[in-house]
Amino acid sequence: MMYPFLTLDDETEITHSDFLDTERVKIYIEKPDEKDCFHYMTCYLPDYEITEVYGFTEQEVQNYMDIIRSTVHTV
């Protein structure tokens, strides 16, 4: 199950999972797009592994990763 985390001004939605069996958390980012319907990307914490990207530029991916890094709390 995915849980809402953050909605940006441009309607980008960032959601997250519970801890998975692999002790990681899935982060999913989705943004509406008139031409492609949606742009999206998936990454996993705590290693910040990006596993798929569709429609986002490298700069957009970096910006979203910066947002994720700035909100993750380490213990």
# chains A, B, ... in the order shown; residues from 1 in each chain; ligands from 1
$ select_by_dssp --residues "chain A" --states "alpha helix (DSSP H)" --output "PyMOL selection string"
chain A and resi 58-71
$ write_last_selection --atoms "N, CA and C atoms" --output "PDB file, in the first residue's frame"
ATOM      1  N   GLU A  58      16.682  14.779 -16.402  1.00  0.00           N
ATOM      2  CA  GLU A  58      17.686  14.509 -15.360  1.00  0.00           C
ATOM      3  C   GLU A  58      17.626  15.572 -14.270  1.00  0.00           C
ATOM      4  N   GLN A  59      17.382  16.824 -14.667  1.00  0.00           N
ATOM      5  CA  GLN A  59      17.304  17.904 -13.673  1.00  0.00           C
ATOM      6  C   GLN A  59      16.080  17.728 -12.770  1.00  0.00           C
ATOM      7  N   GLU A  60      14.950  17.336 -13.336  1.00  0.00           N
ATOM      8  CA  GLU A  60      13.765  17.092 -12.518  1.00  0.00           C
ATOM      9  C   GLU A  60      14.006  15.946 -11.539  1.00  0.00           C
ATOM     10  N   VAL A  61      14.635  14.874 -12.013  1.00  0.00           N
ATOM     11  CA  VAL A  61      14.955  13.744 -11.131  1.00  0.00           C
ATOM     12  C   VAL A  61      15.829  14.235  -9.977  1.00  0.00           C
ATOM     13  N   GLN A  62      16.834  15.031 -10.286  1.00  0.00           N
ATOM     14  CA  GLN A  62      17.718  15.555  -9.240  1.00  0.00           C
ATOM     15  C   GLN A  62      16.942  16.419  -8.246  1.00  0.00           C
ATOM     16  N   ASN A  63      16.033  17.249  -8.762  1.00  0.00           N
ATOM     17  CA  ASN A  63      15.230  18.108  -7.876  1.00  0.00           C
ATOM     18  C   ASN A  63      14.363  17.271  -6.936  1.00  0.00           C
ATOM     19  N   TYR A  64      13.731  16.229  -7.462  1.00  0.00           N
ATOM     20  CA  TYR A  64      12.900  15.366  -6.609  1.00  0.00           C
ATOM     21  C   TYR A  64      13.750  14.609  -5.597  1.00  0.00           C
ATOM     22  N   MET A  65      14.918  14.166  -6.011  1.00  0.00           N
ATOM     23  CA  MET A  65      15.800  13.473  -5.070  1.00  0.00           C
ATOM     24  C   MET A  65      16.259  14.430  -3.966  1.00  0.00           C
ATOM     25  N   ASP A  66      16.492  15.681  -4.303  1.00  0.00           N
ATOM     26  CA  ASP A  66      16.844  16.676  -3.287  1.00  0.00           C
ATOM     27  C   ASP A  66      15.704  16.847  -2.279  1.00  0.00           C
ATOM     28  N   ILE A  67      14.463  16.873  -2.768  1.00  0.00           N
ATOM     29  CA  ILE A  67      13.306  16.978  -1.876  1.00  0.00           C
ATOM     30  C   ILE A  67      13.260  15.769  -0.946  1.00  0.00           C
ATOM     31  N   ILE A  68      13.431  14.577  -1.511  1.00  0.00           N
ATOM     32  CA  ILE A  68      13.376  13.363  -0.703  1.00  0.00           C
ATOM     33  C   ILE A  68      14.473  13.380   0.350  1.00  0.00           C
ATOM     34  N   ARG A  69      15.704  13.700  -0.066  1.00  0.00           N
ATOM     35  CA  ARG A  69      16.822  13.729   0.894  1.00  0.00           C
ATOM     36  C   ARG A  69      16.580  14.743   2.005  1.00  0.00           C
ATOM     37  N   SER A  70      15.953  15.859   1.672  1.00  0.00           N
ATOM     38  CA  SER A  70      15.751  16.903   2.683  1.00  0.00           C
ATOM     39  C   SER A  70      14.655  16.545   3.689  1.00  0.00           C
ATOM     40  N   THR A  71      13.833  15.550   3.374  1.00  0.00           N
ATOM     41  CA  THR A  71      12.747  15.181   4.273  1.00  0.00           C
ATOM     42  C   THR A  71      12.975  13.889   5.020  1.00  0.00           C
TER      43      THR A  71
END
$ residues_around --residues "Leu20 in chain A" --least-positions-apart "5" --cutoff "10 Å" --atoms "only C-alpha atoms" --output "list of chain:residue names"
A:Val25, A:Lys26, A:Tyr44
$ write_last_selection --atoms "N, CA and C atoms" --output "short mmCIF file (atom, residue, chain, number, x, y, z; two decimals), in the first residue's frame"
data_model
loop_
_atom_site.label_atom_id
_atom_site.label_comp_id
_atom_site.auth_asym_id
_atom_site.auth_seq_id
_atom_site.Cartn_x
_atom_site.Cartn_y
_atom_site.Cartn_z
N VAL A 25 12.04 1.19 1.81
CA VAL A 25 10.78 1.91 1.61
C VAL A 25 10.74 2.38 0.17
N LYS A 26 9.62 2.12 -0.49
CA LYS A 26 9.43 2.56 -1.87
C LYS A 26 8.89 3.98 -1.88
N TYR A 44 14.03 3.77 -3.98
CA TYR A 44 13.96 3.02 -2.73
C TYR A 44 14.93 3.59 -1.72
#
$ select_by_dssp --residues "range 9-52 of chain A" --states "strand (DSSP E or B)" --output "list in words"
Glu13, Ile14, Thr15, His16, Ser17, Asp18, Phe19, Val25, Lys26, Ile27, Tyr28, Ile29, Glu30, Lys31, Pro32, Asp33, Cys37, Phe38, His39, Tyr40, Met41, Thr42, Cys43, Tyr44, Leu45, Glu49, Ile50, Thr51 and Glu52 of chain A
$ atom_distance --atom1 "CA of Asp10 in chain A" --atom2 "CA of His39 in chain A"
12.3 Å
$ atom_distance --atom1 "CA of Tyr54 in chain A" --atom2 "CA of His73 in chain A"
27.1 Å
$ residues_around --residues "Tyr28 in chain A" --least-positions-apart "6" --cutoff "7 Å" --atoms "only C-alpha atoms" --output "ChimeraX atom specification"
/A:14-16,41-43
$ closest_residue --among "A:Ile27, A:Met1, A:Val72, A:Leu6" --to "Thr51 in chain A" --atoms "only C-alpha atoms"
A:Ile27
$ residues_around --residues "Lys31 in chain A" --least-positions-apart "2" --cutoff "8 Å" --atoms "only C-alpha atoms" --output "list in words"
Asp10, Glu11, Thr12, Glu13, Ile29, Asp33, Phe38, His39 and Tyr40 of chain A
$ atom_distance --atom1 "CA of Pro32 in chain A" --atom2 "CA of Asp18 in chain A"
24.2 Å
